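Below: one structure, written as C-alpha cells.
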Amino acid sequence: MSNMQDYELGKDLEDMKKEFPHVNFNKKYTFFYDETNNCRKFSINKNKFNTNYFNNFIVGGIVLNEKQFFDKNFKEEFGLNDSLKEIKFKNIAYGSLFDCLNSEKLKKYLMFLRDNNILIHYSSLNLLYWAIVDIIDSAVYNYEDDYDRELLNSIKNSFYIVCKKNISKLKYLFTKYDYPNIKKNLIRQFIDDVLEFIQSYISSPMHFELQSLKGLLELSKEKNNLPFVVDEEDGILLRSFMWDYLRLIYLYVDSSHIIDHEFSIMQEIKNIRFLNNGEEVKNYLFIDSQENDMIQLSDIFVGLLGKIKVYFNSNDIEKIKHDFN
C-alpha cells in the first residue's frame with residue numbers, strides 16, 4: 001500500500017498572497033539550501049536533551065535570479081587552498097562569533113554577496129522555544145479570539161525567557177510528566193507545577209505577560225484540558241524539521257530549489273506529492289554539495305548564522321550590548 005500523501009498548495013498560496021500582497025511569489029528564482037545543527041529530532045530522556053538547546057536548527061542559503069550566473073574559482077576568490085574538495089564554513093572562519101567576524105576570508109565572502117546583489121533565505125528554529133510554545137497554544141485554545149497575535153507572542157516570549165533561566169527545573173518537569181505526552185489525570189498537577197515555575201517572575205518587568213499566562217493556565221486547569229501536549233510521544237519535543245525545508249518549495253512554485261543531500265529529509269519528502277490546483281509540482285532537487293558551488297556558498301552563510309544564533313541564545317541583553325559596544 002502506498003504511503004504517498006497529496007498536499008494541495010492552492011489555498012496556502014492564496015492565503016500567503018493575501019497576507020503579503022507586496023511579495024511576488026510567482027517570480028522565478030533558484031534557491032540553494034544547506035543546513036546546520038540538524039539533530040534530526042529534539043528530545044529529552046532522564047532530564048537530558050539529546051542536543052544543545054542553544055543550537056538553532058537553520059536551513060537556508062543563497063538565492064539567484066534568472067540573470068545571475070557565476071563561473072568563478074571560489075577557492076581562489078576567498079583565498080583558500082585549491083586542493084579542498086568543497087568549501088565549508090569551517091574553512092572560512094572558526095572559533096567564537098567574534099573570532100569569525102575577524103576572518104578576512106569571511107569578509108571577502110560577505111563582500112562578494114553584497115557586491116553582486118545576491119539574496120539570501122533562511123529558516124531558523126529555536127529548539128527550546130518550539131518545545132514550550134505548545135503549552136501556551138494549549139492554554140489559549142478556547143480563547144484565541146480574546147488575544148491578538150502580538151500579545152500572544154509576548155506571552156510566549158516571556159515564558160521562553162523564564163524557561164531559559166530555569167532550564168534544570170524545566171527538564172525535570174518535562175521528564176516528570178513525559179512531556180509532551182501528559183496523561184489526562186496529571187494535567188491539573190502539571191499546570192500547578194508550571195504556575196509555581198513562573199510565580200517568582202510575576203512581579204518582574206514581564207508581569208503583564210506572565211499574569212496573562214497565569215490566568216490562561218488557571219482556566220485550562222478548570223477544564224482539565226491542554227490539547228497540544230497530550231496523546232503525543234514521550235519526550236519527543238520536535239519530531240521533524242521537514243517543513244522548514246518545504247515552506248519555500250511550496251510558496252515559490254515557479255522557482256527551482258536545489259538542496260544539499262540530507263537523507264532523513266529525503267526519506268520524508270519522498271512520500272509527499274505537491275499539487276497546485278490539481279497539477280503536480282516537482283520543483284526541487286537533492287544534490288551532493290561537492291557538485292554545486294552555490295550549495296557550498298550556502299554552507300558558509302548558514303554556518304555564520306548558526307554562530308550568531310548560538311551567541312544570542314546563550315547571552316543576556318546586557319552582555320550582548322557590552323560586547324557590541
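Following the order of the C-alpha cells, chains are lettered A, B, ..., residues in each are numbered from 1, and ligands are numbered from 1.
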
Counting only C-alpha atoms, what are the residues of range 103-192 of chain A within 9 Å of range 75-78 of chain A, and for each of them which pair of atoms is the nearest and at what distance in Å, to one decimal? Sort the table by chain and rising number, as JSON lines.
```
{"residue": "A:Glu104", "atom": "CA", "partner": "A:Phe78", "partner_atom": "CA", "distance": 8.5}
{"residue": "A:Lys105", "atom": "CA", "partner": "A:Phe78", "partner_atom": "CA", "distance": 5.4}
{"residue": "A:Leu106", "atom": "CA", "partner": "A:Phe78", "partner_atom": "CA", "distance": 7.8}
{"residue": "A:Lys107", "atom": "CA", "partner": "A:Phe78", "partner_atom": "CA", "distance": 8.9}
{"residue": "A:Lys108", "atom": "CA", "partner": "A:Phe78", "partner_atom": "CA", "distance": 5.9}
{"residue": "A:Tyr109", "atom": "CA", "partner": "A:Phe78", "partner_atom": "CA", "distance": 6.5}
{"residue": "A:Phe112", "atom": "CA", "partner": "A:Glu77", "partner_atom": "CA", "distance": 8.8}
```

- Query: In range 164-211 of chain A, what's helix (DSSP H, G or I) per DSSP? Answer as a VMD selection string?
  - Reply: chain A and resid 164 to 165 167 to 176 184 to 199 207 to 211

- Task: Work out how far CA of Phe241 in chain A is from CA of Ile269 in chain A, in Å to one decimal.
- Result: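 Separation between CA of Ile269 in chain A and CA of Phe241 in chain A: 10.9 Å.
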
- Could you work out how far CA of Arg40 in chain A lies from CA of Leu170 in chain A, giving the answer in Å with one decimal? 21.8 Å

- Excluding Asn24 in chain A and any residue of its chain fewer than 4 positions from it, enumerate the residues within 9 Å of it, using only C-alpha atoms, and give them as a PyMOL selection string. chain A and resi 17+20+252

- Query: If we count only C-alpha atoms, what is near Tyr177 in chain A at a cut-off of 10 Å, once residues fewer than 2 positions away on the same chain are taken out, given as an MDAnalysis selection string?
  - Reply: chainID A and resid 172:175 179:183 186:187 189:190 234:235

What would the file look like if the residues just selected were written as a compact mmCIF listing (two decimals), in the first residue's frame with all heavy atoms?
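selection.txt written:
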```
# COMPACT_ATOMS: atom_id res chain seq x y z
N TYR A 172 13.41 18.84 34.42
CA TYR A 172 12.81 17.97 35.44
C TYR A 172 11.30 17.83 35.20
O TYR A 172 10.73 16.72 35.25
CB TYR A 172 13.07 18.54 36.83
CG TYR A 172 12.29 17.84 37.92
CD1 TYR A 172 12.66 16.58 38.38
CD2 TYR A 172 11.15 18.44 38.47
CE1 TYR A 172 11.93 15.93 39.37
CE2 TYR A 172 10.41 17.80 39.45
CZ TYR A 172 10.81 16.55 39.90
OH TYR A 172 10.07 15.91 40.87
N LEU A 173 10.64 18.98 34.90
CA LEU A 173 9.19 18.95 34.61
C LEU A 173 8.88 18.11 33.38
O LEU A 173 7.94 17.31 33.38
CB LEU A 173 8.67 20.38 34.39
CG LEU A 173 8.18 21.19 35.57
CD1 LEU A 173 7.65 22.53 35.09
CD2 LEU A 173 7.13 20.45 36.35
N PHE A 174 9.64 18.31 32.32
CA PHE A 174 9.43 17.54 31.09
C PHE A 174 9.52 16.04 31.38
O PHE A 174 8.70 15.25 30.90
CB PHE A 174 10.48 17.93 30.05
CG PHE A 174 10.21 19.21 29.31
CD1 PHE A 174 11.11 19.69 28.38
CD2 PHE A 174 9.04 19.93 29.53
CE1 PHE A 174 10.86 20.87 27.69
CE2 PHE A 174 8.79 21.12 28.84
CZ PHE A 174 9.71 21.57 27.92
N THR A 175 10.55 15.66 32.12
CA THR A 175 10.76 14.24 32.41
C THR A 175 9.68 13.69 33.34
O THR A 175 9.16 12.58 33.12
CB THR A 175 12.16 14.03 33.03
OG1 THR A 175 13.15 14.50 32.11
CG2 THR A 175 12.41 12.56 33.31
N TYR A 179 6.46 14.84 29.08
CA TYR A 179 6.12 15.90 28.13
C TYR A 179 6.73 15.60 26.76
O TYR A 179 7.88 15.16 26.67
CB TYR A 179 6.67 17.22 28.66
CG TYR A 179 6.33 18.43 27.84
CD1 TYR A 179 5.16 19.16 28.09
CD2 TYR A 179 7.17 18.86 26.82
CE1 TYR A 179 4.85 20.27 27.34
CE2 TYR A 179 6.86 19.97 26.07
CZ TYR A 179 5.70 20.67 26.32
OH TYR A 179 5.39 21.77 25.57
N PRO A 180 5.97 15.80 25.70
CA PRO A 180 4.63 16.40 25.57
C PRO A 180 3.49 15.39 25.56
O PRO A 180 2.49 15.61 24.86
CB PRO A 180 4.73 17.11 24.22
CG PRO A 180 5.60 16.19 23.41
CD PRO A 180 6.57 15.56 24.37
N ASN A 181 3.62 14.33 26.32
CA ASN A 181 2.59 13.29 26.37
C ASN A 181 2.02 13.21 27.79
O ASN A 181 2.09 12.18 28.45
CB ASN A 181 3.17 11.94 25.93
CG ASN A 181 2.11 10.88 25.77
OD1 ASN A 181 0.94 11.19 25.54
ND2 ASN A 181 2.50 9.63 25.89
N ILE A 182 1.47 14.35 28.24
CA ILE A 182 0.94 14.41 29.61
C ILE A 182 -0.32 13.57 29.72
O ILE A 182 -1.22 13.67 28.87
CB ILE A 182 0.64 15.88 30.00
CG1 ILE A 182 1.90 16.73 29.86
CG2 ILE A 182 0.13 15.95 31.44
CD1 ILE A 182 1.65 18.22 29.99
N LYS A 183 -0.38 12.74 30.73
CA LYS A 183 -1.56 11.89 30.92
C LYS A 183 -2.73 12.74 31.44
O LYS A 183 -2.54 13.69 32.20
CB LYS A 183 -1.25 10.76 31.91
CG LYS A 183 0.02 9.97 31.56
CD LYS A 183 0.01 9.44 30.13
CE LYS A 183 1.30 8.69 29.78
NZ LYS A 183 2.43 9.57 29.46
N LEU A 186 -3.09 13.81 34.95
CA LEU A 186 -1.99 14.60 35.54
C LEU A 186 -1.97 16.04 35.03
O LEU A 186 -1.07 16.81 35.39
CB LEU A 186 -0.64 13.93 35.23
CG LEU A 186 -0.40 12.55 35.86
CD1 LEU A 186 0.94 11.98 35.41
CD2 LEU A 186 -0.46 12.63 37.39
N ILE A 187 -2.95 16.41 34.19
CA ILE A 187 -2.94 17.76 33.60
C ILE A 187 -3.00 18.84 34.67
O ILE A 187 -2.22 19.81 34.65
CB ILE A 187 -4.11 17.92 32.60
CG1 ILE A 187 -3.82 17.11 31.33
CG2 ILE A 187 -4.30 19.40 32.23
CD1 ILE A 187 -4.96 17.11 30.32
N GLN A 189 -2.15 18.70 37.79
CA GLN A 189 -0.90 18.70 38.55
C GLN A 189 0.23 19.37 37.76
O GLN A 189 1.02 20.14 38.30
CB GLN A 189 -0.52 17.26 38.91
CG GLN A 189 0.68 17.14 39.84
CD GLN A 189 1.00 15.69 40.16
OE1 GLN A 189 0.09 14.85 40.27
NE2 GLN A 189 2.28 15.38 40.31
N PHE A 190 0.28 19.09 36.45
CA PHE A 190 1.28 19.72 35.59
C PHE A 190 1.08 21.23 35.59
O PHE A 190 2.06 22.00 35.71
CB PHE A 190 1.16 19.17 34.17
CG PHE A 190 2.04 19.87 33.17
CD1 PHE A 190 3.40 19.61 33.11
CD2 PHE A 190 1.50 20.81 32.27
CE1 PHE A 190 4.22 20.26 32.17
CE2 PHE A 190 2.30 21.46 31.35
CZ PHE A 190 3.67 21.19 31.30
N ASP A 234 6.19 10.19 24.31
CA ASP A 234 7.00 10.59 25.47
C ASP A 234 8.34 11.19 25.03
O ASP A 234 9.11 10.56 24.29
CB ASP A 234 7.31 9.39 26.37
CG ASP A 234 6.08 8.84 27.09
OD1 ASP A 234 4.98 9.38 26.86
OD2 ASP A 234 6.23 7.87 27.86
N GLY A 235 8.61 12.42 25.49
CA GLY A 235 9.93 13.01 25.33
C GLY A 235 10.30 13.52 23.96
O GLY A 235 11.39 14.07 23.78
```

- Message: Residues near Ile249 in chain A, anyone? I mean within 10 Å using only C-alpha atoms, not counting same-chain ones fewer than 2 positions away, as a list in words.
- Response: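 With the cut-off at 10 Å, the set is Phe31, Trp243, Asp244, Tyr245, Leu246, Arg247, Leu251, Tyr252, Val253, Asp254, Ser255, Ser256, His257, Ile258, Phe274, Val281, Lys282, Asn283 and Tyr284 of chain A.
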
- Task: Considering only C-alpha atoms, return as a ChimeraX atom specification whatever protein or nucleic-acid residues lie within 10 Å of Tyr94 in chain A, sequence-local ones (same chain, fewer than 6 positions apart) excluded.
- Result: /A:100-103,106,303-304,307

- Query: Leaving out range 151-157 of chain A and any residue of its chain fewer than 6 positions from it, which residues lie within 7 Å of it when counting only C-alpha atoms, given as a list in words?
  - Reply: Val133, Ile136, Glu209, Leu210 and Leu213 of chain A

Output of the above residues as a PDB file, in the first residue's frame, restricted to N, CA and C atoms:
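Okay, this is what ended up in result24.pdb:
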```pdb
ATOM      1  N   VAL A 133       6.169  26.236  23.360  1.00  0.00           N
ATOM      2  CA  VAL A 133       5.030  27.076  22.965  1.00  0.00           C
ATOM      3  C   VAL A 133       3.707  26.314  22.919  1.00  0.00           C
ATOM      4  N   ILE A 136       1.428  27.174  25.819  1.00  0.00           N
ATOM      5  CA  ILE A 136       0.628  28.402  25.686  1.00  0.00           C
ATOM      6  C   ILE A 136      -0.469  28.218  24.652  1.00  0.00           C
ATOM      7  N   GLU A 209       2.531  39.944  30.944  1.00  0.00           N
ATOM      8  CA  GLU A 209       2.505  38.735  30.123  1.00  0.00           C
ATOM      9  C   GLU A 209       2.359  37.480  30.984  1.00  0.00           C
ATOM     10  N   LEU A 210       3.114  37.418  32.076  1.00  0.00           N
ATOM     11  CA  LEU A 210       3.072  36.219  32.921  1.00  0.00           C
ATOM     12  C   LEU A 210       1.778  36.145  33.719  1.00  0.00           C
ATOM     13  N   LEU A 213      -0.623  34.729  31.313  1.00  0.00           N
ATOM     14  CA  LEU A 213      -0.396  33.286  31.201  1.00  0.00           C
ATOM     15  C   LEU A 213      -0.966  32.556  32.407  1.00  0.00           C
TER      16      LEU A 213
END
```

- Query: CA of Gln5 in chain A to CA of Lys270 in chain A: how many Å, to one decimal?
  - Reply: 9.5 Å

With only C-alpha atoms counted and 6 Å as the cut-off, give the residues of range 89-152 of chain A in contact with range 220-230 of chain A, each with its shortest interatomic distance in Å and the pair that gives it, as a tab-separated table.
```
residue	atom	partner	partner_atom	distance
A:Asp134	CA	A:Phe228	CA	5.8
A:Ser138	CA	A:Leu226	CA	4.8
A:Ala139	CA	A:Ser220	CA	5.7
```

Could you write out the selected residues, including all heavy atoms, as a PDB file, in the first residue's frame?
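Output saved as selection.pdb:
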```
ATOM      1  N   ASP A 134       3.760  24.989  22.782  1.00  0.00           N
ATOM      2  CA  ASP A 134       2.504  24.226  22.776  1.00  0.00           C
ATOM      3  C   ASP A 134       1.760  24.337  24.103  1.00  0.00           C
ATOM      4  O   ASP A 134       0.536  24.146  24.154  1.00  0.00           O
ATOM      5  CB  ASP A 134       2.771  22.752  22.463  1.00  0.00           C
ATOM      6  CG  ASP A 134       2.906  22.494  20.970  1.00  0.00           C
ATOM      7  OD1 ASP A 134       2.545  23.395  20.188  1.00  0.00           O
ATOM      8  OD2 ASP A 134       3.379  21.411  20.586  1.00  0.00           O
ATOM      9  N   SER A 138      -1.957  25.545  23.888  1.00  0.00           N
ATOM     10  CA  SER A 138      -2.990  24.707  24.512  1.00  0.00           C
ATOM     11  C   SER A 138      -3.843  25.521  25.468  1.00  0.00           C
ATOM     12  O   SER A 138      -5.073  25.389  25.496  1.00  0.00           O
ATOM     13  CB  SER A 138      -2.328  23.554  25.281  1.00  0.00           C
ATOM     14  OG  SER A 138      -1.689  22.659  24.409  1.00  0.00           O
ATOM     15  N   ALA A 139      -3.179  26.381  26.252  1.00  0.00           N
ATOM     16  CA  ALA A 139      -3.896  27.170  27.259  1.00  0.00           C
ATOM     17  C   ALA A 139      -4.848  28.183  26.613  1.00  0.00           C
ATOM     18  O   ALA A 139      -5.934  28.469  27.146  1.00  0.00           O
ATOM     19  CB  ALA A 139      -2.908  27.891  28.163  1.00  0.00           C
TER      20      ALA A 139
END
```

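The nearest approach to Ile44 in chain A among the residues A:Asp178, A:Asp6, A:Asp71, A:Glu144, with only C-alpha atoms taken into account, belongs to A:Asp178.
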
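If only C-alpha atoms are the atoms counted, then among A:Val302, A:Leu275, A:Leu64, A:Met266 the closest residue to Leu9 in chain A is A:Leu275.
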